[in-house]
Amino acid sequence: MKQDFDVVIAGGGLNGPALGLALADAGMRVAVVDAAPARARASDNFDGRAYALALASVRLLKGIGLWDQLAPTAQPITRVVARQGRGKDISDLGLFFDANEIEEGVLGQMLEDRFLYRALIEAMPQRLTHIPKTQVIGQQADTGGIDVMLSDGRKLRARLLVGADGRRSGVAERAGISRTGWSYDQTALVAALSVEIPHHGTAHQVFLPTGPLAVLPLRDNRASIVWSMTNPQARTIADLPDEAFLEVLAPHIRDIAGEITLAGPRFSYPLGLTLANAYVDERVALIGDAAHGVHPIAGQGLNLGLRDVAALAECLVDAARNGEDIGFATVLDRYQGWRRFDSTSLALGMDSVNTLFSNDNPILRTARGLGMGAVNAVPALRRRFMRQAAGLSTRPMPRLLAGQPL
Ligand SMILES: Cc1cc2nc3c(=O)[nH]c(=O)nc-3n(C[C@H](O)[C@H](O)[C@H](O)COP(=O)(O)OP(=O)(O)OC[C@H]3O[C@@H](n4cnc5c(N)ncnc54)[C@H](O)[C@@H]3O)c2cc1C
């Protein structure tokens, strides 16, 4: 049996469904195929994962009609504080961003994975063809379209196949797209905490000599931590029972959080950089982690993916309106030209920040302190950093990220 679509998306994580919904709303016939069972992550239990979403990403969620249901679950980020820490001491100097300094009045929103994923999963069946628990196992492009082979024996036909299938993208591999990357020899420990000191919407980044520790605000006086450290240290700490884990963590964030308890299970993520050397091939385009898997140091991974979603959706919809074949190289090259430089420079920028900060070299320590102090002292520079973090300085800005209809 063969089914016809404008776009088939391999991957139903976060970026795949977001693109699918945007394109379906614009009148395209879309299928999203995902290897995982649809309900595997959409449970009511908090699993500790949360995203710092830039304002531009929030606009995209509004644009695809999900924000009204997500807003009551989100925690606005009103302040960002980045400082150096050592043992239990956190420097008084650093970078201090306050949302009052930019006209939007908020820097971003913290969203828990369970709410975001569920909203995407629940919206799909009403607006597009969602095929869960099925893998894309093959693809064959020709002049008129692309055949997409599924693990259940079905074959789908589309004008374009989008790889939203994560860091080990099979779509990219089958298209012959090579990757550049390396392991950071670091692991991120992720957990949710109940905190004693109210966070008032402040997101903290503490640069410890072993790696960055992010303490991000969640609703109901909880915080999400992303604690990056070397692999051997992470193994030791991850293996500790909960009580002992909290005893190791607490001194680092006592001034920020006060007494802490766990508010969900703990997770470990090995950290590495992986960049696709091309974002497009014959009737193929890559988005999200399939195109660029980055260090979580600035919480930008999903934000970058949603920028791909907005840019690719705009290229495809504009091409369709102009009567162009959406799978043509000219259309796909427009998308690649728009996104590749931005993602690569941000990925390498985060890589450098991680290298610069994850050590205890006294000279670098002083230089880092001076550098942060210098940026903090100049309001115009501070505002520029804030607008960048909020995703408001992407040029040209895709319509969905500017809050306009597609
Ligand atoms: C510790 C940590 C903290 C983070 N914090 C933040 C943050 O604060 N803010 C932020 O913006 N980002 C953050 N990120 C990054 C963010 O989690 C990722 O960028 C994002 O989840 C990637 O989504 P995706 O949809 O591109 O890929 P994935 O979520 O990896 O989804 C890929 C999907 O493809 C499916 N798949 C794979 N192979 C196939 C196949 N053959 N056929 C069909 N389906 C297939 C999989 O089942 C999966 O559902 C963080 C990451 C880490 C590790």
# chains A, B, ... in the order shown; residues from 1 in each chain; ligands from 1
$ residues_near_ligand --ligand "ligand 1" --cutoff "7 Å" --atoms "only C-alpha atoms and all ligand atoms" --output "PyMOL selection string"
chain A and resi 10-16+33-36+50-53+134-137+164-167+169-170+188-190+226+269+271+287-290+293+296+299-305
$ select_by_dssp --residues "region 195-256 of chain A" --states "helix (DSSP H, G or I)" --output "PDB file with N, CA and C atoms, in the first residue's frame"
ATOM      1  N   ASN A 231      33.094  12.699  32.886  1.00  0.00           N
ATOM      2  CA  ASN A 231      32.415  11.400  32.940  1.00  0.00           C
ATOM      3  C   ASN A 231      32.699  10.610  34.221  1.00  0.00           C
ATOM      4  N   PRO A 232      33.983  10.512  34.672  1.00  0.00           N
ATOM      5  CA  PRO A 232      34.215   9.727  35.895  1.00  0.00           C
ATOM      6  C   PRO A 232      33.499  10.329  37.108  1.00  0.00           C
ATOM      7  N   GLN A 233      33.528  11.677  37.219  1.00  0.00           N
ATOM      8  CA  GLN A 233      32.817  12.306  38.347  1.00  0.00           C
ATOM      9  C   GLN A 233      31.323  12.022  38.260  1.00  0.00           C
ATOM     10  N   ALA A 234      30.787  12.137  37.052  1.00  0.00           N
ATOM     11  CA  ALA A 234      29.339  11.938  36.875  1.00  0.00           C
ATOM     12  C   ALA A 234      28.955  10.510  37.252  1.00  0.00           C
ATOM     13  N   ARG A 235      29.786   9.551  36.852  1.00  0.00           N
ATOM     14  CA  ARG A 235      29.468   8.149  37.182  1.00  0.00           C
ATOM     15  C   ARG A 235      29.392   7.985  38.688  1.00  0.00           C
ATOM     16  N   THR A 236      30.394   8.567  39.402  1.00  0.00           N
ATOM     17  CA  THR A 236      30.432   8.428  40.861  1.00  0.00           C
ATOM     18  C   THR A 236      29.187   9.061  41.484  1.00  0.00           C
ATOM     19  N   ILE A 237      28.857  10.284  41.039  1.00  0.00           N
ATOM     20  CA  ILE A 237      27.740  11.004  41.663  1.00  0.00           C
ATOM     21  C   ILE A 237      26.396  10.380  41.265  1.00  0.00           C
ATOM     22  N   ALA A 238      26.304   9.943  40.004  1.00  0.00           N
ATOM     23  CA  ALA A 238      25.038   9.341  39.550  1.00  0.00           C
ATOM     24  C   ALA A 238      24.735   8.059  40.316  1.00  0.00           C
ATOM     25  N   ASP A 242      19.900   8.788  46.637  1.00  0.00           N
ATOM     26  CA  ASP A 242      19.340  10.145  46.576  1.00  0.00           C
ATOM     27  C   ASP A 242      19.864  11.063  47.687  1.00  0.00           C
ATOM     28  N   GLU A 243      19.849  10.568  48.908  1.00  0.00           N
ATOM     29  CA  GLU A 243      20.267  11.396  50.052  1.00  0.00           C
ATOM     30  C   GLU A 243      21.700  11.893  49.871  1.00  0.00           C
ATOM     31  N   ALA A 244      22.587  10.956  49.483  1.00  0.00           N
ATOM     32  CA  ALA A 244      24.001  11.306  49.318  1.00  0.00           C
ATOM     33  C   ALA A 244      24.178  12.262  48.136  1.00  0.00           C
ATOM     34  N   PHE A 245      23.381  12.059  47.076  1.00  0.00           N
ATOM     35  CA  PHE A 245      23.427  12.956  45.912  1.00  0.00           C
ATOM     36  C   PHE A 245      23.100  14.388  46.351  1.00  0.00           C
ATOM     37  N   LEU A 246      22.051  14.531  47.154  1.00  0.00           N
ATOM     38  CA  LEU A 246      21.652  15.865  47.612  1.00  0.00           C
ATOM     39  C   LEU A 246      22.725  16.485  48.506  1.00  0.00           C
ATOM     40  N   GLU A 247      23.392  15.650  49.290  1.00  0.00           N
ATOM     41  CA  GLU A 247      24.461  16.179  50.163  1.00  0.00           C
ATOM     42  C   GLU A 247      25.627  16.728  49.346  1.00  0.00           C
ATOM     43  N   VAL A 248      25.909  16.093  48.205  1.00  0.00           N
ATOM     44  CA  VAL A 248      27.006  16.590  47.355  1.00  0.00           C
ATOM     45  C   VAL A 248      26.576  17.874  46.631  1.00  0.00           C
ATOM     46  N   LEU A 249      25.333  17.903  46.182  1.00  0.00           N
ATOM     47  CA  LEU A 249      24.853  19.052  45.402  1.00  0.00           C
ATOM     48  C   LEU A 249      24.594  20.288  46.275  1.00  0.00           C
ATOM     49  N   ALA A 250      23.990  20.070  47.451  1.00  0.00           N
ATOM     50  CA  ALA A 250      23.462  21.183  48.265  1.00  0.00           C
ATOM     51  C   ALA A 250      24.473  22.305  48.522  1.00  0.00           C
ATOM     52  N   PRO A 251      25.735  22.002  48.898  1.00  0.00           N
ATOM     53  CA  PRO A 251      26.654  23.102  49.210  1.00  0.00           C
ATOM     54  C   PRO A 251      26.868  24.045  48.031  1.00  0.00           C
ATOM     55  N   HIS A 252      26.824  23.524  46.793  1.00  0.00           N
ATOM     56  CA  HIS A 252      27.065  24.371  45.614  1.00  0.00           C
ATOM     57  C   HIS A 252      25.955  25.399  45.425  1.00  0.00           C
ATOM     58  N   ILE A 253      24.737  25.077  45.877  1.00  0.00           N
ATOM     59  CA  ILE A 253      23.608  25.975  45.571  1.00  0.00           C
ATOM     60  C   ILE A 253      22.862  26.419  46.837  1.00  0.00           C
ATOM     61  N   ARG A 254      23.532  26.267  47.985  1.00  0.00           N
ATOM     62  CA  ARG A 254      22.871  26.638  49.249  1.00  0.00           C
ATOM     63  C   ARG A 254      22.380  28.091  49.216  1.00  0.00           C
ATOM     64  N   ASP A 255      23.230  29.016  48.698  1.00  0.00           N
ATOM     65  CA  ASP A 255      22.859  30.446  48.690  1.00  0.00           C
ATOM     66  C   ASP A 255      21.694  30.731  47.739  1.00  0.00           C
ATOM     67  N   ILE A 256      21.557  29.879  46.726  1.00  0.00           N
ATOM     68  CA  ILE A 256      20.520  30.103  45.710  1.00  0.00           C
ATOM     69  C   ILE A 256      19.207  29.445  46.128  1.00  0.00           C
TER      70      ILE A 256
END
$ residues_around --residues "region 74-84 of chain A" --least-positions-apart "6" --cutoff "8 Å" --atoms "only C-alpha atoms" --output "number ranges by chain"
A: 90-100, 105-112, 200-208, 217-219, 369
$ atom_distance --atom1 "CA of Leu286 (chain A)" --atom2 "CA of Pro37 (chain A)"
22.1 Å
$ residues_around --residues "region 117-130 of chain A" --least-positions-apart "6" --cutoff "8 Å" --atoms "only C-alpha atoms" --output "PyMOL selection string"
chain A and resi 13-14+17-18+20-21+24-25+29-33+38+41-43+66+69-70
$ atom_distance --atom1 "CA of Leu240 (chain A)" --atom2 "CA of Arg49 (chain A)"
19.8 Å
$ residues_around --residues "Ile260 (chain A)" --least-positions-apart "4" --cutoff "7 Å" --atoms "only C-alpha atoms" --output "list in words"
Leu193, Ser194, Val195, Glu196 and Ala250 of chain A
$ atom_distance --atom1 "CA of Arg334 (chain A)" --atom2 "CA of Leu400 (chain A)"
16.7 Å
$ residues_around --residues "region 322-328 of chain A" --least-positions-apart "4" --cutoff "6 Å" --atoms "only C-alpha atoms" --output "JSON, numbers by chain"
{"A": [159, 160, 283, 316]}
$ residues_around --residues "Ser352 (chain A)" --least-positions-apart "5" --cutoff "12 Å" --atoms "only C-alpha atoms" --output "PyMOL selection string"
chain A and resi 184+273+294-295+297-298+345-347+357-358
$ closest_residue --among "A:Pro72, A:Gly48, A:Ile225, A:Asp89" --to "Gly264 (chain A)" --atoms "only C-alpha atoms"
A:Gly48
$ select_by_dssp --residues "region 106-308 of chain A" --states "strand (DSSP E)" --output "number ranges by chain"
A: 108-112, 129-131, 136-141, 146-150, 155-163, 179-195, 202-208, 211-218, 222-230, 260-262, 267-276, 280-281, 284-286, 292-293
